[in-house]
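Next up, data-v6.tsv (TSV, C-alpha atoms and all ligand atoms):
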chain	number	residue	atom	x	y	z
A	1	MET	CA	82.02	105.76	94.67
A	2	LYS	CA	83.90	108.88	93.56
A	3	PHE	CA	87.68	108.87	94.15
A	4	TYR	CA	89.74	112.05	94.44
A	5	CYS	CA	93.29	111.36	93.38
A	6	THR	CA	96.50	112.52	91.71
A	7	GLN	CA	96.90	112.06	87.93
A	8	TYR	CA	99.12	109.02	88.56
A	9	HIS	CA	96.53	107.34	90.78
A	10	PHE	CA	93.80	108.26	88.30
A	11	ASP	CA	95.72	106.29	85.64
A	12	LEU	CA	96.04	103.40	88.11
A	13	LEU	CA	92.27	103.50	88.75
A	14	LYS	CA	91.54	103.36	85.00
A	15	ASP	CA	93.53	100.12	84.70
A	16	ASN	CA	90.62	97.68	85.06
A	17	SER	CA	92.72	94.54	84.62
A	18	ARG	CA	94.96	95.55	87.52
A	19	LEU	CA	92.00	96.41	89.76
A	20	ALA	CA	90.07	93.26	88.85
A	21	VAL	CA	92.79	90.85	89.96
A	22	PHE	CA	93.27	92.64	93.28
A	23	TYR	CA	89.50	92.82	93.89
A	24	GLU	CA	89.08	89.09	93.15
A	25	ALA	CA	92.09	88.18	95.31
A	26	ILE	CA	90.83	90.15	98.33
A	27	LYS	CA	87.33	88.65	97.97
A	28	GLU	CA	88.76	85.14	97.60
A	29	TYR	CA	90.97	85.46	100.68
A	30	CYS	CA	88.21	86.98	102.83
A	31	LYS	CA	85.36	84.61	101.97
A	32	ASN	CA	83.99	82.63	104.94
A	33	LYS	CA	86.51	84.12	107.39
A	34	LYS	CA	86.24	86.26	110.52
A	35	LEU	CA	88.98	88.82	110.09
A	36	GLU	CA	90.41	91.43	112.41
A	37	THR	CA	93.08	93.57	110.72
A	38	ALA	CA	94.51	94.27	107.25
A	39	PHE	CA	97.39	96.52	106.22
A	40	ASP	CA	97.11	98.33	102.87
A	41	ILE	CA	100.69	99.38	102.16
A	42	GLY	CA	101.25	102.20	99.66
A	43	CYS	CA	97.50	102.80	99.65
A	44	GLY	CA	97.59	105.63	97.04
A	45	SER	CA	94.00	106.71	96.39
A	46	GLY	CA	92.79	104.11	98.92
A	47	ILE	CA	91.12	101.84	96.39
A	48	LEU	CA	92.37	98.55	97.86
A	49	SER	CA	91.30	99.60	101.39
A	50	TYR	CA	87.90	100.38	99.87
A	51	PHE	CA	87.72	96.85	98.40
A	52	SER	CA	88.76	95.35	101.78
A	53	GLN	CA	86.66	97.40	104.19
A	54	PRO	CA	83.53	95.16	104.24
A	55	PHE	CA	85.63	92.23	105.50
A	56	PHE	CA	87.83	93.67	108.29
A	57	LYS	CA	87.22	95.26	111.70
A	58	ASN	CA	90.31	97.40	111.23
A	59	ILE	CA	92.40	98.50	108.23
A	60	ILE	CA	95.68	100.39	108.50
A	61	ALA	CA	96.33	102.16	105.18
A	62	ILE	CA	99.81	103.66	104.83
A	63	GLU	CA	100.92	106.17	102.24
A	64	LYS	CA	104.27	108.00	102.13
A	65	ASP	CA	103.31	110.75	99.66
A	66	LYS	CA	101.58	113.67	101.43
A	67	GLU	CA	99.23	114.61	98.55
A	68	SER	CA	98.09	111.02	98.02
A	69	TYR	CA	97.64	110.57	101.78
A	70	LYS	CA	95.34	113.63	101.89
A	71	LYS	CA	93.29	112.29	98.98
A	72	ALA	CA	93.00	108.79	100.49
A	73	THR	CA	91.92	110.32	103.84
A	74	GLU	CA	89.18	112.26	102.03
A	75	ASN	CA	88.10	109.25	99.95
A	76	LEU	CA	87.88	106.88	102.91
A	77	LYS	CA	86.61	109.21	105.66
A	78	LYS	CA	83.15	107.62	105.89
A	79	PHE	CA	84.64	104.19	106.70
A	80	LYS	CA	85.27	104.21	110.45
A	81	ASN	CA	87.24	100.95	110.29
A	82	ILE	CA	89.98	102.47	108.05
A	83	ASN	CA	92.85	104.44	109.54
A	84	VAL	CA	94.93	106.27	106.89
A	85	ILE	CA	98.49	107.06	107.99
A	86	ASN	CA	101.09	109.29	106.35
A	87	ASN	CA	104.31	107.35	106.94
A	88	ASP	CA	107.12	105.34	105.37
A	89	ALA	CA	106.14	101.66	105.26
A	90	ILE	CA	109.80	100.59	105.40
A	91	THR	CA	110.27	101.85	108.95
A	92	TYR	CA	106.72	102.14	110.28
A	93	LYS	CA	106.04	100.43	113.63
A	94	TYR	CA	102.56	98.94	113.28
A	95	PRO	CA	100.42	99.20	116.43
A	96	THR	CA	98.84	95.78	115.89
A	97	LYS	CA	99.23	92.47	114.05
A	98	ALA	CA	97.47	91.72	110.74
A	99	ASP	CA	95.64	88.79	109.14
A	100	LEU	CA	96.32	90.17	105.67
A	101	ILE	CA	99.01	92.42	104.16
A	102	ILE	CA	98.02	94.03	100.86
A	103	CYS	CA	100.91	95.74	99.11
A	104	GLU	CA	100.61	97.01	95.56
A	105	MET	CA	103.89	98.85	95.17
A	106	LEU	CA	104.82	96.50	92.38
A	107	ASP	CA	107.16	97.16	89.49
A	108	THR	CA	109.02	94.93	87.06
A	109	ALA	CA	111.37	92.59	88.99
A	110	LEU	CA	110.61	94.73	92.11
A	111	ILE	CA	113.73	96.82	91.52
A	112	ASP	CA	112.48	100.41	91.46
A	113	GLU	CA	109.61	100.47	93.97
A	114	GLU	CA	109.96	99.74	97.68
A	115	GLN	CA	107.69	96.66	97.72
A	116	VAL	CA	110.36	94.32	99.09
A	117	PRO	CA	111.65	96.44	102.04
A	118	ALA	CA	108.04	97.42	102.90
A	119	ILE	CA	106.97	93.76	102.98
A	120	ILE	CA	110.05	92.69	104.97
A	121	ASN	CA	109.07	95.27	107.64
A	122	ALA	CA	105.32	94.48	107.64
A	123	LYS	CA	105.85	90.70	107.80
A	124	LYS	CA	107.11	91.09	111.38
A	125	TYR	CA	103.48	91.98	112.26
A	126	LEU	CA	101.74	89.22	110.29
A	127	ASN	CA	99.68	86.72	112.32
A	128	LYS	CA	100.52	83.03	112.07
A	129	ASN	CA	98.56	81.75	109.01
A	130	GLY	CA	98.27	85.36	107.77
A	131	LYS	CA	98.62	86.00	104.03
A	132	ILE	CA	100.10	88.56	101.67
A	133	ILE	CA	98.41	89.88	98.49
A	134	PRO	CA	100.11	89.63	96.08
A	135	GLU	CA	101.67	86.29	97.09
A	136	GLY	CA	104.77	86.70	94.98
A	137	ILE	CA	106.26	87.12	91.52
A	138	ILE	CA	107.92	85.20	88.70
A	139	ASN	CA	110.68	86.86	86.64
A	140	ILE	CA	111.47	85.91	83.04
A	141	ALA	CA	114.45	86.93	80.90
A	142	GLN	CA	115.13	86.74	77.16
A	143	LEU	CA	118.05	88.01	75.05
A	144	VAL	CA	117.23	90.64	72.44
A	145	ASN	CA	118.57	92.94	69.78
A	146	MET	CA	117.22	96.38	70.75
A	147	GLU	CA	117.30	99.55	68.67
A	148	ARG	CA	118.03	101.77	71.69
A	149	GLU	CA	121.26	101.64	73.62
A	150	TYR	CA	119.81	102.53	76.99
A	151	PHE	CA	117.45	101.10	79.60
A	152	CYS	CA	113.79	101.46	78.52
A	153	HIS	CA	110.33	100.13	79.35
A	154	VAL	CA	108.26	98.51	76.64
A	155	ASP	CA	104.77	99.75	77.55
A	156	VAL	CA	101.68	98.42	75.82
A	157	ASP	CA	101.74	101.35	73.36
A	158	SER	CA	105.48	102.12	73.22
A	159	ARG	CA	107.12	102.15	69.79
A	160	ILE	CA	110.42	100.62	70.83
A	161	ASN	CA	111.66	98.04	68.34
A	162	TYR	CA	113.47	94.95	69.48
A	163	GLU	CA	113.89	91.36	68.29
A	164	LEU	CA	113.72	88.33	70.60
A	165	LEU	CA	116.82	86.19	70.05
A	166	SER	CA	116.75	83.41	72.66
A	167	ASN	CA	114.46	81.14	74.63
A	168	GLU	CA	112.59	82.60	77.62
A	169	VAL	CA	114.15	81.69	80.97
A	170	ILE	CA	112.35	81.87	84.33
A	171	TYR	CA	115.28	83.13	86.37
A	172	SER	CA	113.60	83.72	89.74
A	173	LYS	CA	110.44	83.03	91.70
A	174	PHE	CA	109.58	84.75	94.97
A	175	ASP	CA	106.94	83.94	97.52
A	176	PHE	CA	106.66	86.96	99.81
A	177	LEU	CA	105.96	84.73	102.82
A	178	ASP	CA	109.40	83.12	102.46
A	179	ASP	CA	112.57	84.67	103.88
A	180	PHE	CA	114.56	86.40	101.17
A	181	SER	CA	117.03	89.23	100.80
A	182	ALA	CA	116.61	92.39	98.73
A	183	ASN	CA	120.06	91.73	97.21
A	184	PHE	CA	119.53	89.59	94.15
A	185	LYS	CA	122.22	87.79	92.12
A	186	THR	CA	121.94	85.00	89.54
A	187	ASN	CA	123.54	83.40	86.48
A	188	ILE	CA	121.23	82.77	83.50
A	189	LYS	CA	121.88	80.38	80.61
A	190	PHE	CA	120.18	81.20	77.26
A	191	LYS	CA	120.02	79.34	73.94
A	192	ILE	CA	120.22	81.59	70.86
A	193	ASN	CA	117.51	81.02	68.22
A	194	LYS	CA	119.06	82.84	65.22
A	195	ASN	CA	122.40	84.12	63.85
A	196	SER	CA	122.44	87.76	64.89
A	197	ILE	CA	123.83	90.34	67.34
A	198	ILE	CA	122.56	90.44	70.91
A	199	ASN	CA	122.80	93.75	72.75
A	200	GLY	CA	120.21	93.54	75.51
A	201	ILE	CA	118.03	91.50	77.79
A	202	LYS	CA	114.26	91.76	78.23
A	203	ILE	CA	112.82	91.29	81.73
A	204	THR	CA	109.14	90.41	82.20
A	205	THR	CA	107.40	89.94	85.55
A	206	ILE	CA	104.29	87.90	86.28
A	207	THR	CA	102.46	88.56	89.56
A	208	LYS	CA	101.03	85.67	91.59
A	209	VAL	CA	98.19	87.67	93.14
A	210	PHE	CA	96.41	84.95	95.15
A	211	LYS	CA	95.92	81.20	94.64
A	212	ASN	CA	95.10	80.78	90.93
A	213	ILE	CA	94.78	84.54	90.23
A	214	VAL	CA	97.81	85.52	88.16
A	215	CYS	CA	98.53	88.77	86.33
A	216	GLY	CA	100.90	89.66	83.50
A	217	SER	CA	101.65	93.25	82.53
A	218	THR	CA	98.68	95.63	82.30
A	219	PRO	CA	98.68	99.29	81.16
A	220	MET	CA	99.88	100.46	84.62
A	221	LEU	CA	101.49	97.34	86.06
A	222	ASN	CA	104.89	95.81	85.34
A	223	ALA	CA	105.66	96.93	81.79
A	224	PRO	CA	108.57	94.72	80.67
A	225	PHE	CA	111.92	96.49	80.33
A	226	LEU	CA	115.05	96.19	78.21
A	227	ILE	CA	118.55	96.43	79.73
A	228	PRO	CA	121.45	97.08	77.36
A	229	LEU	CA	124.37	94.65	77.12
A	230	LYS	CA	127.70	94.92	75.27
A	231	PRO	CA	126.90	93.87	71.64
A	232	LYS	CA	127.94	90.30	70.85
A	233	LYS	CA	127.75	88.34	67.58
A	234	VAL	CA	125.93	85.03	68.15
A	235	LYS	CA	125.03	81.90	66.19
A	236	LYS	CA	121.85	79.81	66.24
A	237	ASP	CA	121.92	77.22	69.10
A	238	GLN	CA	124.86	78.94	70.81
A	239	VAL	CA	124.63	79.03	74.62
A	240	VAL	CA	125.15	82.44	76.23
A	241	ASN	CA	125.67	82.82	79.99
A	242	ILE	CA	124.79	86.08	81.73
A	243	LYS	CA	125.36	87.28	85.29
A	244	LEU	CA	122.56	89.56	86.56
A	245	GLU	CA	122.56	91.47	89.86
A	246	TYR	CA	120.37	94.16	91.43
A	247	ILE	CA	118.97	95.33	94.75
A	248	MET	CA	115.19	95.18	95.02
A	249	GLY	CA	113.77	98.52	96.17
A	250	LYS	CA	116.98	100.46	95.46
A	251	GLY	CA	116.38	101.40	91.83
A	252	ILE	CA	117.52	100.48	88.34
A	253	GLU	CA	120.93	102.10	88.99
A	254	THR	CA	121.75	98.96	91.03
A	255	ILE	CA	121.44	96.66	87.99
A	256	LYS	CA	124.74	95.02	86.97
A	257	ILE	CA	124.75	92.74	83.94
A	258	ASN	CA	127.64	90.99	82.21
A	259	TYR	CA	128.57	87.99	80.10
A	260	ILE	CA	130.24	85.14	81.98
B	1	LIG	C1	101.63	101.67	92.46
B	1	LIG	S1	100.95	102.82	93.64
B	1	LIG	C2	99.54	101.87	94.15
B	1	LIG	C3	98.50	102.64	94.87
B	1	LIG	C4	97.32	101.81	95.36
B	1	LIG	N1	97.76	100.75	96.26
B	1	LIG	C5	96.58	101.20	94.20
B	1	LIG	O1	96.62	99.96	94.06
B	1	LIG	O2	95.99	101.93	93.39
B	1	LIG	C6	102.10	102.68	94.97
B	1	LIG	C7	101.90	103.69	96.10
B	1	LIG	O3	102.86	103.39	97.12
B	1	LIG	C8	103.33	104.60	97.69
B	1	LIG	N2	104.64	104.31	98.33
B	1	LIG	C9	105.82	104.10	97.70
B	1	LIG	N3	106.79	103.83	98.60
B	1	LIG	C10	106.20	103.88	99.82
B	1	LIG	C11	106.68	103.67	101.15
B	1	LIG	N4	107.97	103.38	101.39
B	1	LIG	N5	105.81	103.79	102.17
B	1	LIG	C12	104.49	104.08	101.94
B	1	LIG	N6	103.99	104.29	100.71
B	1	LIG	C13	104.82	104.20	99.66
B	1	LIG	C14	103.40	105.55	96.51
B	1	LIG	O4	103.40	106.90	96.92
B	1	LIG	C15	102.15	105.15	95.72
B	1	LIG	O5	101.04	105.92	96.10
Please re-express this file's structure in structure tokens.
Ligand SMILES: C[S@@+](CC[C@H](N)C(=O)[O-])C[C@H]1O[C@@H](n2cnc3c(N)ncnc32)[C@H](O)[C@@H]1O
Amino acid sequence: MKFYCTQYHFDLLKDNSRLAVFYEAIKEYCKNKKLETAFDIGCGSGILSYFSQPFFKNIIAIEKDKESYKKATENLKKFKNINVINNDAITYKYPTKADLIICEMLDTALIDEEQVPAIINAKKYLNKNGKIIPEGIINIAQLVNMEREYFCHVDVDSRINYELLSNEVIYSKFDFLDDFSANFKTNIKFKINKNSIINGIKITTITKVFKNIVCGSTPMLNAPFLIPLKPKKVKKDQVVNIKLEYIMGKGIETIKINYI
């Protein structure tokens, strides 16, 4: 099928690894089930509604951006079971309950995009035994020496140099079905692996898409990022404690990071 979309959504559609895990997850959840309603939150071009439409009587696809909404409406117009809505998923009052919430508004550590507030709202309308795709995320941190002194993403083809200087620490795990707050705060303990100077922390996010379908970063999904820290001289085997805070869905300006 031909999809009309913005340049951003075109890049998302070219990312086969990202699409493959969502396609497999939707198929896996839907197999051998009689299903009524799905929500596709932040539907963009409408691709995930398209993957879901053979399995549901009714799909509510929500998109906040007017241009993307128009394109999704055009792309999905022949599917009478899909209703595309131009609205904000954080405040939207759904007219019905859902068996499945699909929400691909992911970004690294869920800080910049509104995945968390959109899911907190939609969960109020999830049927008992209903599921969410993706199911959750795992966040990993590592101390680094970075050549830049400001926040930056390390995309697959970026040329940003940095050296990894500690062990990797899984500092948080979220299951979207659990109750959790968008305000995140933790202390992380690292072990230094080399005499050097640390001046940053690398954050990597793994997505638990569904059951055993797991996804690391892909060209358009969850590029790891580097957050600067005050430079500190460190020795091999030294333990360094860091306090990290942010608000999920409120942007990278909410990140606070300090030594303890
Ligand atoms: C990463 S794109 C994913 C698009 C599509 N789901 C896909 O997988 O290709 C996220 C989409 O969510 C939309 N979005 C962001 N915040 C939103 C909100 N609060 N309510 C509804 N849509 C939102 C964006 O405009 C964007 O189209």
Test item: residues at most 9 Å from stretch 193-209 of chain A, only C-alpha atoms, excluding those fewer than 2 positions along its chain, as a PyMOL selection string:
chain A and resi 21-22+25+106-110+132-147+149+164-167+175+191+211-217+222-238
Which is closest to A:Glu28 among A:Phe51, A:Glu168, A:Lys185, A:Lys243, if we use all atoms listed in the file?
A:Phe51
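Once all atoms listed in the file are used for the distance check, the residues close to ligand LIG 1 (chain B) at 7 Å turn out to be His9, Leu12, Leu13, Ile41, Gly42, Cys43, Gly44, Ser45, Gly46, Ile47, Leu48, Ile62, Glu63, Lys64, Asp65, Ser68, Asn87, Asp88, Ala89, Ile90, Cys103, Glu104, Met105, Leu106, Glu113, Glu114 and Ala118 of chain A.
The spacing separating atom CA of A:Asp40 from atom CA of A:Ile82 amounts to 9.7 Å.
The point (99.9, 97.7, 109.8) has these residues within 9 Å of it, counting only C-alpha atoms: Thr37, Ala38, Phe39, Asp40, Ile41, Ile59, Ile60, Ala61, Ile62, Ala89, Tyr92, Lys93, Tyr94, Pro95, Thr96, Lys97, Ala98, Ile101, Ala122, Tyr125 and Leu126 of chain A.
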My list of candidates is A:Asn161, A:Ser49, A:Thr186, A:Asn127. Which is closest to A:Asp99 when distances are computed with all atoms listed in the file?
A:Asn127
Closest of A:Asn183, A:Lys70, A:Tyr29, A:Lys80 to A:Asn129, counting only C-alpha atoms, is A:Tyr29
Mind listing whatever residues come within 10 Å of the point (129.2, 85.5, 81.4)? Use all atoms listed in the file, file coordinates, and give them as an MDAnalysis selection string.
chainID A and resid 187:189 240:244 257:260
Which residue gives the smallest distance to A:Met220 among A:Asp155, A:Glu163, A:Glu74, A:Asp112, with all atoms listed in the file counted?
A:Asp155
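Of the residues under consideration (A:Thr218, A:Lys250, A:Asn86, A:Ile102), A:Thr218 shows the shortest atom-to-atom contact distance to A:Ala20 when counting all atoms listed in the file.
What separates atom CA of A:Lys33 from atom CA of A:Ile120 is a distance of 25.2 Å.
Atom CA of A:Phe174 is found 14.4 Å from atom CA of A:Gly249.
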